[in-house]
Structure formats: structure tokens, C-alpha cells
Amino acid sequence: MNNFFHGLKDWFGDFVKALIFFLLLQTYVAQGFVIEGSCMEPELHSHEKIMVNKMIYRVKEPEVGEIVVFRYPYEPGKDFVKRVVGVPGDVIAIKDGYLYRNGKKMNESFVKEYVFGTYGPLKVPDGKLCVMGDNRNNSHDSRAWGLLDRNMVKGRADIRFWPVKQIGLIPVRKD
């Protein structure tokens, strides 16, 4: 009986260590997220699962073309996923169906349809990012709620791991 309790004590200790390791890993290194909605189509689809690199922005700043996961400004308990289209110093505008960055029309091959409406021109200040969904006509993004505070970013979407047939790296698209 004494061996049973000793074994149980060892198992419980290992379980607690594994739990602490998992919580630290998820808090500081990487975390899985589920895509909800069509705002990032055709790159990411609803119900796909991605792994977010939570360490990358501790050593570098987000760049144009990266897909980021962040706390939604109006509901910080909810996470959103969008593409960075403007970083501090950039002037962003949408006109005639296209995104313009610093006066240059962007050739975004991943945006599959004419983008309705206008936006800007707006200069992105320090500490902010301009983020938009790839499915621009069906995306609740910086055009609706303003520029994103840099400190709201949780990490960069690096890997799609579900569905299995779609496993792979998530590309950074700057075109």
C-alpha cells in the first residue's frame, strides 16, 4: 500500500510539472487558435486551426504582410486575426478598389475581389498597426474600429495544422 501512495505522489508531481510547462509554453511561446469566419479567405478558412508564434514580436516588430492574432480592441477577451498592411510611418489608403501604401498601389494577388469603399489616406503613428482581412469586403478591421495598438498583438500566425491536408507554413504576402 505504501508503494501505491509513493507511486501516486510521483505521478501527481510529474502531472503538476507538465501542467506548469504547458501553461508557460502557451503563455509565452506558442498557442493554437481556431479561425472563425471568412475575413481571411482565401488564405485562411473558417474552422481551420493555426499555431501562433508568441515569441517572435519580443525580438522584432510586426511587418507588412504578416498575419497576426490580437485582442479585439472593443472586446479584449476576444481574439481576431488579420494581415498587417501598414506599420508606423506608412500612409495607407483604399481607393478605386485597391490598397495604397505610401502612395504606391499594392498588387495583392491574395485579395480576390474589388474592394468597395474608401479609406484614408491615414498615416500610421508609432505604436500602432493598420490591419485588414484578406476578404476585404467581409472583414471587420482597422477601417471599422481604427488602428490597432501594437501592445494588443499576441503573435504571428505561422503554421496551419488543421485540416491535415492543409498542414504547412502560413506565407507572408507582401505583394
# chains A, B, ... in the order shown; residues from 1 in each chain; ligands from 1
call {"tool": "closest_atom_pairs", "arguments": {"of": "range 26-95 of chain A", "to": "range 167-171 of chain A", "cutoff": "9 Å", "atoms": "only C-alpha atoms", "output": "CSV"}}
result
residue,atom,partner,partner_atom,distance
A:Glu43,CA,A:Ile170,CA,8.2
A:Leu44,CA,A:Ile170,CA,8.8
A:Ile50,CA,A:Ile170,CA,8.7
A:Gly65,CA,A:Pro171,CA,8.6
A:Glu66,CA,A:Pro171,CA,7.8
A:Ile67,CA,A:Ile170,CA,8.2
call {"tool": "select_by_dssp", "arguments": {"residues": "range 91-144 of chain A", "states": "strand (DSSP E)", "output": "PyMOL selection string"}}
result
chain A and resi 91-95+98-101+104-105+119-123+128-132
call {"tool": "select_by_dssp", "arguments": {"residues": "range 21-114 of chain A", "states": "helix (DSSP H, G or I)", "output": "list in words"}}
result
Phe21, Phe22, Leu23, Leu24, Leu25, Gln26, Thr27, Tyr28, Ile56, Tyr57, Arg58 and Val59 of chain A
call {"tool": "write_last_selection", "arguments": {"atoms": "C-alpha atoms", "output": "PDB file, in the first residue's frame"}}
result
ATOM      1  CA  PHE A  21       5.342  23.558 -18.556  1.00  0.00           C
ATOM      2  CA  PHE A  22       2.247  23.567 -20.779  1.00  0.00           C
ATOM      3  CA  LEU A  23       0.918  26.805 -19.271  1.00  0.00           C
ATOM      4  CA  LEU A  24       4.282  28.540 -19.673  1.00  0.00           C
ATOM      5  CA  LEU A  25       4.555  27.279 -23.252  1.00  0.00           C
ATOM      6  CA  GLN A  26       1.066  28.516 -24.149  1.00  0.00           C
ATOM      7  CA  THR A  27       1.531  31.852 -22.382  1.00  0.00           C
ATOM      8  CA  TYR A  28       4.935  32.805 -23.771  1.00  0.00           C
ATOM      9  CA  ILE A  56       8.539  36.488 -32.411  1.00  0.00           C
ATOM     10  CA  TYR A  57       7.437  40.011 -31.518  1.00  0.00           C
ATOM     11  CA  ARG A  58       9.580  40.047 -28.396  1.00  0.00           C
ATOM     12  CA  VAL A  59      12.614  40.225 -30.713  1.00  0.00           C
TER      13      VAL A  59
END
call {"tool": "residues_around", "arguments": {"residues": "Asn107 in chain A", "least_positions_apart": "5", "cutoff": "12 Å", "atoms": "only C-alpha atoms", "output": "count of residues only"}}
result
10
call {"tool": "residues_around", "arguments": {"residues": "range 84-93 of chain A", "least_positions_apart": "2", "cutoff": "10 Å", "atoms": "only C-alpha atoms", "output": "ChimeraX atom specification"}}
result
/A:61-68,81-82,95,98-106,118-133,142-143,147-148,150,172-174
call {"tool": "residues_around", "arguments": {"residues": "Val52 in chain A", "least_positions_apart": "5", "cutoff": "10 Å", "atoms": "only C-alpha atoms", "output": "MDAnalysis selection string"}}
result
chainID A and resid 26 29:33 67:69 154:160
call {"tool": "closest_residue", "arguments": {"among": "A:Glu41, A:Glu36, A:Glu48, A:Asp79", "to": "Met152 in chain A", "atoms": "only C-alpha atoms"}}
result
A:Asp79
call {"tool": "atom_distance", "arguments": {"atom1": "CA of Phe70 in chain A", "atom2": "CA of Tyr114 in chain A"}}
result
26.2 Å
call {"tool": "decode", "arguments": {"residues": "range 34-141 of chain A", "atoms": "C-alpha atoms", "output": "tab-separated table (two decimals), in the first residue's frame"}}
result
chain	number	residue	atom	x	y	z
A	34	VAL	CA	-9.27	28.41	-34.46
A	35	ILE	CA	-10.22	30.66	-37.36
A	36	GLU	CA	-13.79	31.91	-37.09
A	37	GLY	CA	-15.43	33.48	-40.11
A	38	SER	CA	-14.42	34.26	-43.68
A	39	CYS	CA	-12.47	37.51	-43.21
A	40	MET	CA	-9.10	35.93	-44.10
A	41	GLU	CA	-10.20	33.95	-47.15
A	42	PRO	CA	-8.70	32.73	-49.37
A	43	GLU	CA	-5.59	32.36	-47.15
A	44	LEU	CA	-7.32	31.04	-44.04
A	45	HIS	CA	-10.79	29.50	-43.80
A	46	SER	CA	-13.31	29.21	-41.00
A	47	HIS	CA	-12.65	26.28	-38.62
A	48	GLU	CA	-9.01	25.89	-39.69
A	49	LYS	CA	-6.56	25.66	-36.80
A	50	ILE	CA	-3.35	27.64	-36.66
A	51	MET	CA	-0.34	27.87	-34.38
A	52	VAL	CA	0.64	31.36	-33.31
A	53	ASN	CA	4.25	32.26	-32.54
A	54	LYS	CA	4.02	34.36	-29.36
A	55	MET	CA	7.78	34.94	-29.02
A	56	ILE	CA	8.54	36.49	-32.41
A	57	TYR	CA	7.44	40.01	-31.52
A	58	ARG	CA	9.58	40.05	-28.40
A	59	VAL	CA	12.61	40.22	-30.71
A	60	LYS	CA	11.23	42.07	-33.76
A	61	GLU	CA	8.33	44.27	-34.79
A	62	PRO	CA	5.41	43.10	-36.96
A	63	GLU	CA	5.98	43.59	-40.68
A	64	VAL	CA	3.67	44.29	-43.59
A	65	GLY	CA	2.30	41.05	-45.00
A	66	GLU	CA	2.36	39.06	-41.75
A	67	ILE	CA	-0.86	37.63	-40.34
A	68	VAL	CA	-1.27	38.48	-36.66
A	69	VAL	CA	-3.57	37.38	-33.87
A	70	PHE	CA	-4.57	40.14	-31.47
A	71	ARG	CA	-7.03	41.08	-28.77
A	72	TYR	CA	-10.02	42.82	-30.33
A	73	PRO	CA	-9.89	46.45	-29.12
A	74	TYR	CA	-13.60	46.67	-28.21
A	75	GLU	CA	-13.73	43.25	-26.56
A	76	PRO	CA	-10.23	42.33	-25.28
A	77	GLY	CA	-11.36	38.83	-24.29
A	78	LYS	CA	-11.96	38.04	-27.97
A	79	ASP	CA	-9.15	37.33	-30.45
A	80	PHE	CA	-9.08	38.47	-34.07
A	81	VAL	CA	-6.79	37.50	-36.95
A	82	LYS	CA	-5.84	39.95	-39.74
A	83	ARG	CA	-2.98	40.83	-42.08
A	84	VAL	CA	-0.67	43.77	-41.30
A	85	VAL	CA	-0.99	46.27	-44.17
A	86	GLY	CA	0.65	49.27	-42.50
A	87	VAL	CA	3.34	49.85	-39.88
A	88	PRO	CA	4.44	53.10	-38.18
A	89	GLY	CA	5.30	55.74	-40.75
A	90	ASP	CA	3.24	54.20	-43.57
A	91	VAL	CA	0.43	56.13	-45.23
A	92	ILE	CA	-2.46	53.77	-46.00
A	93	ALA	CA	-5.41	54.37	-48.32
A	94	ILE	CA	-8.03	52.40	-50.20
A	95	LYS	CA	-9.34	53.96	-53.38
A	96	ASP	CA	-10.62	52.70	-56.72
A	97	GLY	CA	-10.80	49.16	-55.28
A	98	TYR	CA	-7.11	48.91	-54.29
A	99	LEU	CA	-4.89	49.32	-51.25
A	100	TYR	CA	-2.24	52.03	-51.50
A	101	ARG	CA	0.77	52.05	-49.19
A	102	ASN	CA	2.90	55.21	-49.21
A	103	GLY	CA	1.23	56.28	-52.46
A	104	LYS	CA	2.04	53.01	-54.25
A	105	LYS	CA	-0.78	50.76	-55.47
A	106	MET	CA	-0.27	47.32	-53.90
A	107	ASN	CA	-0.61	44.26	-56.13
A	108	GLU	CA	-2.27	41.98	-53.56
A	109	SER	CA	-2.88	38.77	-55.51
A	110	PHE	CA	-4.49	37.20	-52.42
A	111	VAL	CA	-7.32	39.80	-52.41
A	112	LYS	CA	-9.73	38.15	-54.84
A	113	GLU	CA	-12.30	40.87	-55.46
A	114	TYR	CA	-12.81	44.58	-55.95
A	115	VAL	CA	-12.60	46.36	-52.57
A	116	PHE	CA	-15.60	48.62	-52.03
A	117	GLY	CA	-15.41	51.97	-50.27
A	118	THR	CA	-12.58	54.33	-49.49
A	119	TYR	CA	-10.22	54.64	-46.56
A	120	GLY	CA	-7.64	57.25	-45.67
A	121	PRO	CA	-5.14	58.36	-46.55
A	122	LEU	CA	-4.04	57.83	-42.97
A	123	LYS	CA	-0.52	57.88	-41.56
A	124	VAL	CA	0.18	55.05	-39.10
A	125	PRO	CA	1.68	56.57	-35.92
A	126	ASP	CA	4.26	54.97	-33.63
A	127	GLY	CA	2.84	52.16	-31.52
A	128	LYS	CA	0.05	51.38	-34.00
A	129	LEU	CA	-0.59	48.98	-36.88
A	130	CYS	CA	-3.10	49.01	-39.72
A	131	VAL	CA	-4.62	45.54	-40.12
A	132	MET	CA	-7.13	44.24	-42.65
A	133	GLY	CA	-8.65	40.93	-43.60
A	134	ASP	CA	-7.81	39.45	-46.99
A	135	ASN	CA	-11.55	39.19	-47.72
A	136	ARG	CA	-11.74	42.99	-47.54
A	137	ASN	CA	-15.45	43.32	-48.27
A	138	ASN	CA	-16.27	40.94	-45.41
A	139	SER	CA	-13.76	41.98	-42.78
A	140	HIS	CA	-14.21	43.93	-39.56
A	141	ASP	CA	-10.78	45.58	-39.32
